Amino acid sequence: MKKISILCLLALLFAASCSTERKENRIDLNIPWKFMPGDDLSWAAPAFDDSKWKTILPDKIWEEQGYEKLDGYAWYRTRFFLPSSLKEKALMKDSLQILLGKIDDCDQVFLNGELIGQNTAVMAAKSPPDENFIKAQGVWNTDRRYVLHVNDQRIGWDKENVIAVRVYDQNGAGGMFSKPFAVSMVSFADYVKFDMTKNTFVFRNDNLLSRKFIIENRSGKDDFNGTLSLKVSSYSNGAVLFHKDTAINLSRNSKTETGFTFQPDPANPVFAEITFRENHTGQCVTEKMELPYILTPSVKKEPRINGAKVFGVRPWSPFLFKVAATGEPPLKYLAKDIPEGLTIDSVSGLITGALKKKGEHMVTLTVKNASGSATRKLKIVCGNTISLTPPLGWNSWNCWGLSVSDEKIRQSADAMRSSGLIDHGWTYINIDDGWEYKHDKDGKILTNSKFPNMYALCSYVHSLGLKIGIYSSPGTKTCGGYEGSYTFEEKDAEAYAAWGIDYLKYDWCSYGRLYPNPTKSQMKYPYQVMRKAIRKVNRDIHYSLCQYGMGDVWEWGAEVDGNSWRTTGDIEDTWRSLSGIGYSQRKCSSFSAPGRWNDPDMLVVGWVGWGPDLHYTRLTPGEQYTHITLWSLLSSPLLIGCDLSQLDPFTLSLLTNDEVLAVNQDPLGKQATLAKSNESYALWIKELEDGSRAIGLFNLTEQPLNIPVDLKELKLKGRWNMRDLWRQTDLGQVEQHFEMKVLPHGANLIRIVK
Ligand code: GAL
């Protein structure tokens with residue numbers, strides 16, 4: 001009897017276990033390669049003697065390995081022995097693949113002297129490849145995977161093989177990077193893939209969370225029958241809370257949409273493991289997925305005043321400030337001690353008018369409704385500096401890219417209001433690249449057909465109580481190839497003012513062609529020219545420098561009167577990009593001040609995609625908490641990058657936590673500093689105006705982690721009251737030490753106050 005049940009159990013275990021390709025059944029190419037700048041097709045030949053070439057690692061761009069200024073062609077070469085046991089031991093014996101991470105910008109790959117592939121036709125079409133084509137295709141950012149049938153004559157089985165990679169790059173980062181670099185047989189997992197990006201979680205009215213996803217069979221010749229198993233487990237104790245197996249058939253070249261439904265509990269975050277196990281070979285593909293957990297408490301009926309506590313304006317500039325407040329409508333807005341020249345609209349909460357003289361005014365705001373009233377001070381500073389707190393808004397680039405249009409801007413502005421974001425202090429609706437046409441004979445900038453009437457559009461956005469931003473470049477062309485401002489700066493600034501623009505993002509782009517290796521003063525110059533132009537017009541225009549951090553811009557951005565400056569290249573919705581950018585911001589911590597903000601680029605939560613096709617952010621919920629927590633601590637401009645008309649409850653909860661946003665908007669304007677970091681975690685601490693501190697606890701690992709905080713290490717003495725800002729709950733007193741559990745790649749944000 002006992003024997004039988006053990007046998008049954010073994011059979012069950014066997015049925016459920018997965019056969020996997022042996023890890024050692026691949027040849028690792030993440031090793032030093034040979035490297036030579038320049039271009040010579042004879043370098044493809046296997047017999048070519050590369051022994052005098054320098055070595056380079058393939059997983060880091062060449063700028064990080066001693067070739068800072070290199071643009072144009074360069075070659076990589078490596079040799080490896082290819083035993084036929086590789087195919088004999090493999091579960092699928094058809095094809096060999098060469099994996100070369102990613103390559104910036106584009107490449108051609110030769111195996112034993114023969115071309116085996118190129119990532120697009122760019123390399124072949126023209127020499128040097130066309131810059132706009134490269135940019136438009138985003139070729140640098142695609143995985144390089146070159147597949148050959150095992151009988152392909154170009155492969156040397158049981159011999160030494162030579163791979164030569166011809167790379168072309170211009171501007172910015174160059175060369176091979178990312179991972180993996182390897183030679184292996186194409187396996188089951190290369191054919192069957194989960195695609196999680198076309199759908200997202202739906203929070204249903206019955207409190208259930210449902211999720212659809214796609215399983216793709218990319219094989220052109222095999223159907224796969226198997227079991228799809230879904231397991232949801234608790235992060236806190238690993239307990240399996242839900243398990244379901246379903247038989248499923250994946251026919252060749254097909255995409256199957258399926259999904260699951262689960263009852264979430266925000267107090268107990270969970271992750272799902274989805275496995276497809278193929279019946280015949282027992283091979284599996286698995287996807288681990290964190291389920292979203294909403295921490296932000298829902299908005300109360302009673303009024304609450306949110307947003308900036310200090311607002312800067314220049315004398316005579318048109319004044320527009322929306323008092324942000326939540327609470328059950330209708331709300332009534334009042335302002336006591338409002339300076340002469342300004343008035344508040346009691347229904348919309350808009351303060352408008354103009355101040356004639358420099359000076360500071362402390363206004364008492366009150367917001368009332370049937371459930372109660374809230375009062376808060378607003379300091380108005382009429383002087384030279386604007387943007388005294390980091391701008392909160394939206395920008396079209398991370399979702400719509402160059403497909404932005406008048407209609408999409410109006411939709412976004414409408415959604416900023418209808419979603420309630422405006423009530424939490426979100427203000428700007430910024431048009432990025434893609435609106436420009438050309439300068440006419442009088443030097444007036446014309447809009448393209450997607451923007452029929454810029455003045456009407458700006459007026460519409462203002463009528464909603466929002467502000468509007470625009471984009472240009474000091475070069476002749478913008479990064480998207482549209483008309484830039486070169487030599488038309490004054491005319492352009494006049495046009496912006498006439499339309500009613502409140503924010504200008506000024507992007508280096510093709511200006512780099514004038515000065516490929518600019519000195520610091522050449523870097524500053526175009527920003528000084530446009531600064532002069534926008535200061536001539538009677539409008540407060542937030543001046544956002546975008547030149548990716550060149551020449552340590554944070555050291556001189558204030559000198560050219562920038563209100564914010566990008567400190568990095570473009571962000572993407574991946575952990576690599578987010579953590580790489582976010583955690584490198586200690587370099588500029590001390591340069592942040594009211595009106596002078598470091599900008600680590602826009603937010604990548606929600607539906608993003610760089611237009612026109614969108615996908616749901618590839619960041620896990622924990623990574624998204626890290627994103628908002630860290631950007632708030634960094635006093636970064638918060639510019640939402642997603643489609644506002646498709647905000648799901650989780651994304652909205654990330655963007656409407658007033659206690660978290662208050663850390664970003666703190667009037668002291670200091671940026672958090674890195675207090676402690678090791679391989680597993682990082683602690684960032686930000687000093688706030690009232691003497692309290694915000695502390696971010698960041699888990700850098702892929703497992704839940706208890707993060708210890710020693711107040712002495714943070715140079716803090718005495719007893720403090722602790723508050724969890726995401727959950728908006730008090731945590732009691734702390735004197736020396738506390739510890740908190742933080743989810744994988746996730747963050748907690750606390751505030752301690754004496
Ligand atoms: C990039 C910039 C992006 C976006 C884009 C438009 O250089 O970093 O944020 O503005 O140009 O073409």
# chains A, B, ... in the order shown; residues from 1 in each chain; ligands from 1

$ residues_near_ligand --ligand "ligand 1" --cutoff "7 Å" --atoms "only C-alpha atoms and all ligand atoms" --output "list in words"
Trp397, Asp432, Asp433, Thr478, Cys479, Gly480, Asp507, Cys509, Cys546, Tyr548, Gly569 and Asp570 of chain A

$ write_last_selection --atoms "N, CA, C and O atoms" --output "PDB file, in the first residue's frame"
ATOM      1  N   TRP A 397       6.396  61.748 -25.316  1.00  0.00           N
ATOM      2  CA  TRP A 397       7.407  60.930 -25.988  1.00  0.00           C
ATOM      3  C   TRP A 397       7.340  59.439 -25.668  1.00  0.00           C
ATOM      4  O   TRP A 397       7.334  58.602 -26.565  1.00  0.00           O
ATOM      5  N   ASP A 432       6.223  66.590 -27.015  1.00  0.00           N
ATOM      6  CA  ASP A 432       7.637  66.339 -27.332  1.00  0.00           C
ATOM      7  C   ASP A 432       7.825  66.478 -28.838  1.00  0.00           C
ATOM      8  O   ASP A 432       7.020  67.135 -29.522  1.00  0.00           O
ATOM      9  N   ASP A 433       8.834  65.845 -29.370  1.00  0.00           N
ATOM     10  CA  ASP A 433       9.175  65.966 -30.785  1.00  0.00           C
ATOM     11  C   ASP A 433       8.015  65.494 -31.675  1.00  0.00           C
ATOM     12  O   ASP A 433       7.273  64.594 -31.302  1.00  0.00           O
ATOM     13  N   THR A 478      15.659  68.262 -35.161  1.00  0.00           N
ATOM     14  CA  THR A 478      15.458  67.625 -33.859  1.00  0.00           C
ATOM     15  C   THR A 478      15.946  66.182 -33.963  1.00  0.00           C
ATOM     16  O   THR A 478      16.303  65.714 -35.053  1.00  0.00           O
ATOM     17  N   CYS A 479      15.879  65.472 -32.852  1.00  0.00           N
ATOM     18  CA  CYS A 479      16.334  64.076 -32.883  1.00  0.00           C
ATOM     19  C   CYS A 479      15.441  63.231 -33.781  1.00  0.00           C
ATOM     20  O   CYS A 479      15.874  62.231 -34.341  1.00  0.00           O
ATOM     21  N   GLY A 480      14.189  63.599 -33.907  1.00  0.00           N
ATOM     22  CA  GLY A 480      13.276  62.848 -34.770  1.00  0.00           C
ATOM     23  C   GLY A 480      13.331  63.320 -36.209  1.00  0.00           C
ATOM     24  O   GLY A 480      12.519  62.889 -37.038  1.00  0.00           O
ATOM     25  N   ASP A 507      16.477  70.120 -26.868  1.00  0.00           N
ATOM     26  CA  ASP A 507      17.201  68.857 -27.017  1.00  0.00           C
ATOM     27  C   ASP A 507      18.373  69.001 -27.993  1.00  0.00           C
ATOM     28  O   ASP A 507      18.183  69.309 -29.173  1.00  0.00           O
ATOM     29  N   CYS A 509      20.477  67.092 -29.868  1.00  0.00           N
ATOM     30  CA  CYS A 509      20.314  66.423 -31.183  1.00  0.00           C
ATOM     31  C   CYS A 509      21.343  66.834 -32.227  1.00  0.00           C
ATOM     32  O   CYS A 509      22.538  66.714 -31.998  1.00  0.00           O
ATOM     33  N   CYS A 546      18.061  69.333 -22.419  1.00  0.00           N
ATOM     34  CA  CYS A 546      18.139  67.907 -22.714  1.00  0.00           C
ATOM     35  C   CYS A 546      19.389  67.697 -23.549  1.00  0.00           C
ATOM     36  O   CYS A 546      19.410  68.047 -24.729  1.00  0.00           O
ATOM     37  N   TYR A 548      21.512  64.933 -22.319  1.00  0.00           N
ATOM     38  CA  TYR A 548      21.861  63.592 -21.839  1.00  0.00           C
ATOM     39  C   TYR A 548      22.985  63.589 -20.779  1.00  0.00           C
ATOM     40  O   TYR A 548      23.641  62.575 -20.564  1.00  0.00           O
ATOM     41  N   GLY A 569      21.048  59.454 -20.636  1.00  0.00           N
ATOM     42  CA  GLY A 569      20.411  59.139 -21.917  1.00  0.00           C
ATOM     43  C   GLY A 569      18.953  58.749 -21.680  1.00  0.00           C
ATOM     44  O   GLY A 569      18.433  58.856 -20.568  1.00  0.00           O
ATOM     45  N   ASP A 570      18.306  58.270 -22.733  1.00  0.00           N
ATOM     46  CA  ASP A 570      16.864  57.976 -22.642  1.00  0.00           C
ATOM     47  C   ASP A 570      16.585  56.743 -21.776  1.00  0.00           C
ATOM     48  O   ASP A 570      17.276  55.743 -21.866  1.00  0.00           O
TER      49      ASP A 570
END

$ residues_around --residues "stretch 243-247 of chain A" --least-positions-apart "3" --cutoff "12 Å" --atoms "only C-alpha atoms" --output "MDAnalysis selection string"
chainID A and resid 16 224:233 239:240 250 258:262 272:279

$ residues_around --residues "stretch 31-43 of chain A" --least-positions-apart "6" --cutoff "9 Å" --atoms "only C-alpha atoms" --output "PyMOL selection string"
chain A and resi 49-59+70-79+113+164+166-167+181

$ write_last_selection --atoms "N, CA and C atoms" --output "mmCIF file, in the first residue's frame"
data_model
loop_
_atom_site.group_PDB
_atom_site.id
_atom_site.type_symbol
_atom_site.label_atom_id
_atom_site.label_comp_id
_atom_site.auth_asym_id
_atom_site.auth_seq_id
_atom_site.Cartn_x
_atom_site.Cartn_y
_atom_site.Cartn_z
ATOM 1 N N ASP A 49 45.162 37.590 -39.041
ATOM 2 C CA ASP A 49 45.907 37.562 -37.780
ATOM 3 C C ASP A 49 45.497 38.756 -36.910
ATOM 4 N N ASP A 50 44.686 38.493 -35.881
ATOM 5 C CA ASP A 50 44.221 39.585 -35.014
ATOM 6 C C ASP A 50 45.003 39.617 -33.699
ATOM 7 N N SER A 51 46.128 38.922 -33.657
ATOM 8 C CA SER A 51 46.831 38.805 -32.368
ATOM 9 C C SER A 51 47.297 40.160 -31.832
ATOM 10 N N LYS A 52 47.489 41.136 -32.738
ATOM 11 C CA LYS A 52 47.958 42.456 -32.264
ATOM 12 C C LYS A 52 46.789 43.361 -31.828
ATOM 13 N N TRP A 53 45.556 42.923 -32.085
ATOM 14 C CA TRP A 53 44.405 43.737 -31.696
ATOM 15 C C TRP A 53 44.279 43.769 -30.173
ATOM 16 N N LYS A 54 43.691 44.836 -29.678
ATOM 17 C CA LYS A 54 43.442 44.916 -28.230
ATOM 18 C C LYS A 54 42.251 44.015 -27.879
ATOM 19 N N THR A 55 42.061 43.759 -26.576
ATOM 20 C CA THR A 55 40.879 42.973 -26.193
ATOM 21 C C THR A 55 39.802 43.909 -25.615
ATOM 22 N N ILE A 56 38.575 43.396 -25.661
ATOM 23 C CA ILE A 56 37.432 44.187 -25.182
ATOM 24 C C ILE A 56 36.365 43.228 -24.663
ATOM 25 N N LEU A 57 35.579 43.646 -23.674
ATOM 26 C CA LEU A 57 34.487 42.782 -23.197
ATOM 27 C C LEU A 57 33.241 43.063 -24.035
ATOM 28 N N PRO A 58 32.484 42.036 -24.395
ATOM 29 C CA PRO A 58 31.331 42.291 -25.272
ATOM 30 C C PRO A 58 30.116 42.839 -24.540
ATOM 31 N N ASP A 59 30.056 42.713 -23.201
ATOM 32 C CA ASP A 59 28.806 43.098 -22.535
ATOM 33 C C ASP A 59 28.783 44.542 -22.067
ATOM 34 N N LEU A 70 34.857 57.250 -29.766
ATOM 35 C CA LEU A 70 34.771 56.467 -31.012
ATOM 36 C C LEU A 70 33.368 56.492 -31.633
ATOM 37 N N ASP A 71 33.309 56.919 -32.882
ATOM 38 C CA ASP A 71 32.101 56.821 -33.700
ATOM 39 C C ASP A 71 32.521 56.230 -35.031
ATOM 40 N N GLY A 72 31.606 55.604 -35.752
ATOM 41 C CA GLY A 72 31.938 55.013 -37.046
ATOM 42 C C GLY A 72 32.074 53.505 -36.925
ATOM 43 N N TYR A 73 32.943 52.926 -37.766
ATOM 44 C CA TYR A 73 33.062 51.463 -37.805
ATOM 45 C C TYR A 73 34.073 50.937 -36.795
ATOM 46 N N ALA A 74 33.847 49.703 -36.333
ATOM 47 C CA ALA A 74 34.838 48.974 -35.545
ATOM 48 C C ALA A 74 34.503 47.491 -35.684
ATOM 49 N N TRP A 75 35.492 46.644 -35.484
ATOM 50 C CA TRP A 75 35.294 45.196 -35.620
ATOM 51 C C TRP A 75 35.607 44.465 -34.325
ATOM 52 N N TYR A 76 34.843 43.407 -34.079
ATOM 53 C CA TYR A 76 35.084 42.491 -32.958
ATOM 54 C C TYR A 76 35.352 41.110 -33.566
ATOM 55 N N ARG A 77 36.274 40.378 -32.973
ATOM 56 C CA ARG A 77 36.513 38.998 -33.437
ATOM 57 C C ARG A 77 36.694 38.068 -32.245
ATOM 58 N N THR A 78 36.231 36.816 -32.409
ATOM 59 C CA THR A 78 36.527 35.795 -31.405
ATOM 60 C C THR A 78 36.557 34.418 -32.063
ATOM 61 N N ARG A 79 37.225 33.472 -31.389
ATOM 62 C CA ARG A 79 37.319 32.088 -31.885
ATOM 63 C C ARG A 79 36.720 31.155 -30.849
ATOM 64 N N GLY A 113 34.306 33.711 -42.098
ATOM 65 C CA GLY A 113 34.496 34.535 -43.295
ATOM 66 C C GLY A 113 33.248 34.766 -44.119
ATOM 67 N N ALA A 164 33.345 37.166 -36.728
ATOM 68 C CA ALA A 164 33.806 38.549 -36.864
ATOM 69 C C ALA A 164 32.563 39.426 -36.969
ATOM 70 N N ARG A 166 31.161 43.225 -37.665
ATOM 71 C CA ARG A 166 31.439 44.581 -38.156
ATOM 72 C C ARG A 166 30.352 45.493 -37.592
ATOM 73 N N VAL A 167 30.745 46.499 -36.813
ATOM 74 C CA VAL A 167 29.773 47.358 -36.129
ATOM 75 C C VAL A 167 29.886 48.778 -36.655
ATOM 76 N N PHE A 181 25.914 36.411 -24.612
ATOM 77 C CA PHE A 181 26.850 36.142 -25.705
ATOM 78 C C PHE A 181 27.167 34.659 -25.630
#

$ residues_around --residues "stretch 344-358 of chain A" --least-positions-apart "6" --cutoff "9 Å" --atoms "only C-alpha atoms" --output "PyMOL selection string"
chain A and resi 313-325+330-335+338+367+381-384+465

$ write_last_selection --atoms "N, CA and C atoms" --output "compact mmCIF listing (two decimals), in the first residue's frame"
# COMPACT_ATOMS: atom_id res chain seq x y z
N VAL A 313 7.20 82.99 -9.46
CA VAL A 313 6.70 83.69 -10.65
C VAL A 313 7.58 84.91 -10.86
N ARG A 314 7.69 85.37 -12.11
CA ARG A 314 8.46 86.59 -12.36
C ARG A 314 7.49 87.77 -12.44
N PRO A 315 7.99 88.98 -12.09
CA PRO A 315 7.10 90.15 -12.14
C PRO A 315 6.49 90.29 -13.54
N TRP A 316 5.23 90.58 -13.61
CA TRP A 316 4.45 90.83 -14.82
C TRP A 316 4.12 89.60 -15.65
N SER A 317 4.67 88.46 -15.28
CA SER A 317 4.33 87.26 -16.08
C SER A 317 2.91 86.83 -15.77
N PRO A 318 2.19 86.30 -16.76
CA PRO A 318 0.84 85.77 -16.47
C PRO A 318 0.94 84.69 -15.40
N PHE A 319 0.09 84.78 -14.41
CA PHE A 319 0.13 83.88 -13.26
C PHE A 319 -0.92 82.79 -13.47
N LEU A 320 -0.52 81.53 -13.34
CA LEU A 320 -1.51 80.44 -13.41
C LEU A 320 -1.11 79.37 -12.41
N PHE A 321 -1.91 79.24 -11.38
CA PHE A 321 -1.65 78.20 -10.37
C PHE A 321 -2.97 77.55 -10.01
N LYS A 322 -3.01 76.25 -10.15
CA LYS A 322 -4.25 75.52 -9.80
C LYS A 322 -4.07 74.97 -8.40
N VAL A 323 -4.96 75.33 -7.50
CA VAL A 323 -4.93 74.74 -6.16
C VAL A 323 -5.39 73.29 -6.32
N ALA A 324 -4.49 72.35 -6.03
CA ALA A 324 -4.82 70.93 -6.20
C ALA A 324 -5.48 70.45 -4.91
N ALA A 325 -6.64 69.86 -5.03
CA ALA A 325 -7.31 69.38 -3.82
C ALA A 325 -8.21 68.20 -4.16
N PRO A 330 -19.13 69.15 -4.79
CA PRO A 330 -18.35 70.30 -5.24
C PRO A 330 -17.41 70.82 -4.15
N LEU A 331 -16.23 71.30 -4.60
CA LEU A 331 -15.28 71.90 -3.67
C LEU A 331 -15.33 73.41 -3.85
N LYS A 332 -15.14 74.11 -2.74
CA LYS A 332 -15.09 75.57 -2.82
C LYS A 332 -13.68 76.00 -2.40
N TYR A 333 -13.07 76.88 -3.23
CA TYR A 333 -11.68 77.27 -2.98
C TYR A 333 -11.63 78.73 -2.52
N LEU A 334 -10.90 78.98 -1.43
CA LEU A 334 -10.77 80.35 -0.90
C LEU A 334 -9.29 80.63 -0.66
N ALA A 335 -8.91 81.91 -0.76
CA ALA A 335 -7.52 82.28 -0.48
C ALA A 335 -7.50 83.55 0.35
N ILE A 338 -4.28 87.00 -0.25
CA ILE A 338 -3.80 86.86 -1.63
C ILE A 338 -3.28 88.23 -2.09
N VAL A 367 -10.02 74.92 1.38
CA VAL A 367 -10.90 74.19 0.46
C VAL A 367 -12.00 73.55 1.30
N VAL A 381 6.42 83.34 -4.39
CA VAL A 381 7.67 84.10 -4.43
C VAL A 381 7.77 84.77 -5.79
N CYS A 382 7.64 86.09 -5.79
CA CYS A 382 7.78 86.81 -7.06
C CYS A 382 9.23 87.27 -7.15
N GLY A 383 9.95 86.69 -8.10
CA GLY A 383 11.38 86.99 -8.21
C GLY A 383 11.90 86.51 -9.55
N ASN A 384 13.16 86.06 -9.56
CA ASN A 384 13.76 85.63 -10.81
C ASN A 384 13.60 84.16 -11.11
N GLY A 465 -7.18 74.25 -16.69
CA GLY A 465 -6.40 74.52 -15.47
C GLY A 465 -5.03 73.88 -15.53

$ residues_around --residues "A:Arg417" --least-positions-apart "3" --cutoff "10 Å" --atoms "only C-alpha atoms" --output "list in words"
Ser412, Ala413, Asp414, Gly420, Leu421, Ile422, Asp423, Trp426, Thr427, Leu464, Gly465, Leu466 and Leu644 of chain A

$ write_last_selection --atoms "all heavy atoms" --output "short mmCIF file (atom, residue, chain, number, x, y, z; two decimals), in the first residue's frame"
data_model
loop_
_atom_site.label_atom_id
_atom_site.label_comp_id
_atom_site.auth_asym_id
_atom_site.auth_seq_id
_atom_site.Cartn_x
_atom_site.Cartn_y
_atom_site.Cartn_z
N SER A 412 -5.03 63.66 -23.71
CA SER A 412 -4.19 63.52 -22.51
C SER A 412 -4.58 64.57 -21.48
O SER A 412 -4.63 64.29 -20.28
CB SER A 412 -2.71 63.68 -22.86
OG SER A 412 -2.41 62.87 -23.95
N ALA A 413 -4.83 65.79 -21.95
CA ALA A 413 -5.22 66.87 -21.03
C ALA A 413 -6.57 66.52 -20.38
O ALA A 413 -6.74 66.67 -19.16
CB ALA A 413 -5.29 68.19 -21.78
N ASP A 414 -7.50 66.04 -21.19
CA ASP A 414 -8.80 65.64 -20.64
C ASP A 414 -8.61 64.57 -19.56
O ASP A 414 -9.22 64.62 -18.49
CB ASP A 414 -9.71 65.05 -21.74
CG ASP A 414 -10.18 66.12 -22.72
OD1 ASP A 414 -10.08 67.31 -22.37
OD2 ASP A 414 -10.62 65.76 -23.83
N GLY A 420 -8.37 62.53 -12.25
CA GLY A 420 -8.14 63.11 -10.93
C GLY A 420 -6.68 63.47 -10.70
O GLY A 420 -6.33 64.02 -9.65
N LEU A 421 -5.81 63.20 -11.66
CA LEU A 421 -4.38 63.52 -11.45
C LEU A 421 -4.18 64.99 -11.11
O LEU A 421 -3.34 65.35 -10.29
CB LEU A 421 -3.57 63.17 -12.71
CG LEU A 421 -3.26 61.68 -12.92
CD1 LEU A 421 -2.68 61.46 -14.31
CD2 LEU A 421 -2.30 61.16 -11.86
N ILE A 422 -4.97 65.84 -11.76
CA ILE A 422 -4.85 67.28 -11.55
C ILE A 422 -5.06 67.65 -10.07
O ILE A 422 -4.47 68.60 -9.56
CB ILE A 422 -5.83 68.05 -12.47
CG1 ILE A 422 -5.57 69.55 -12.44
CG2 ILE A 422 -7.28 67.74 -12.12
CD1 ILE A 422 -6.39 70.33 -13.47
N ASP A 423 -5.85 66.85 -9.37
CA ASP A 423 -6.15 67.13 -7.96
C ASP A 423 -5.00 66.76 -7.03
O ASP A 423 -5.06 67.01 -5.83
CB ASP A 423 -7.42 66.37 -7.53
CG ASP A 423 -8.59 66.70 -8.43
OD1 ASP A 423 -8.64 67.85 -8.92
OD2 ASP A 423 -9.42 65.80 -8.69
N TRP A 426 -0.64 67.42 -10.47
CA TRP A 426 -0.10 67.23 -11.82
C TRP A 426 -0.55 68.39 -12.70
O TRP A 426 -1.74 68.71 -12.74
CB TRP A 426 -0.54 65.88 -12.40
CG TRP A 426 -0.01 64.73 -11.59
CD1 TRP A 426 -0.63 64.13 -10.53
CD2 TRP A 426 1.26 64.09 -11.73
NE1 TRP A 426 0.18 63.13 -10.02
CE2 TRP A 426 1.34 63.08 -10.73
CE3 TRP A 426 2.34 64.25 -12.60
CZ2 TRP A 426 2.45 62.25 -10.57
CZ3 TRP A 426 3.44 63.41 -12.45
CH2 TRP A 426 3.49 62.44 -11.46
N THR A 427 0.39 68.98 -13.43
CA THR A 427 0.13 70.28 -14.05
C THR A 427 0.43 70.36 -15.55
O THR A 427 -0.32 70.96 -16.30
CB THR A 427 1.02 71.33 -13.34
OG1 THR A 427 0.75 71.28 -11.94
CG2 THR A 427 0.77 72.74 -13.84
N LEU A 464 -8.43 74.02 -19.02
CA LEU A 464 -8.67 72.92 -18.08
C LEU A 464 -7.92 73.14 -16.77
O LEU A 464 -7.95 72.29 -15.87
CB LEU A 464 -8.21 71.60 -18.71
CG LEU A 464 -8.89 71.17 -20.01
CD1 LEU A 464 -8.29 69.88 -20.53
CD2 LEU A 464 -10.39 70.99 -19.79
N GLY A 465 -7.18 74.25 -16.69
CA GLY A 465 -6.40 74.52 -15.47
C GLY A 465 -5.03 73.88 -15.53
O GLY A 465 -4.36 73.73 -14.51
N LEU A 466 -4.61 73.48 -16.74
CA LEU A 466 -3.30 72.82 -16.91
C LEU A 466 -2.35 73.74 -17.67
O LEU A 466 -2.78 74.72 -18.27
CB LEU A 466 -3.50 71.52 -17.67
CG LEU A 466 -4.38 70.48 -16.97
CD1 LEU A 466 -4.77 69.37 -17.94
CD2 LEU A 466 -3.66 69.90 -15.75
N LEU A 644 -2.41 58.48 -20.92
CA LEU A 644 -3.24 58.84 -19.77
C LEU A 644 -4.69 58.38 -19.92
O LEU A 644 -5.41 58.27 -18.94
CB LEU A 644 -3.23 60.36 -19.55
CG LEU A 644 -1.93 60.98 -19.06
CD1 LEU A 644 -2.14 62.47 -18.82
CD2 LEU A 644 -1.44 60.32 -17.79
#

$ atom_distance --atom1 "atom CA of A:Glu88" --atom2 "atom CA of A:Cys284"
19.8 Å

$ atom_distance --atom1 "atom CA of A:Gln585" --atom2 "atom CA of A:Pro600"
7.5 Å

$ select_by_dssp --residues "stretch 239-292 of chain A" --states "strand (DSSP E)" --output "PyMOL selection string"
chain A and resi 240-250+254-262+270-278+284-290
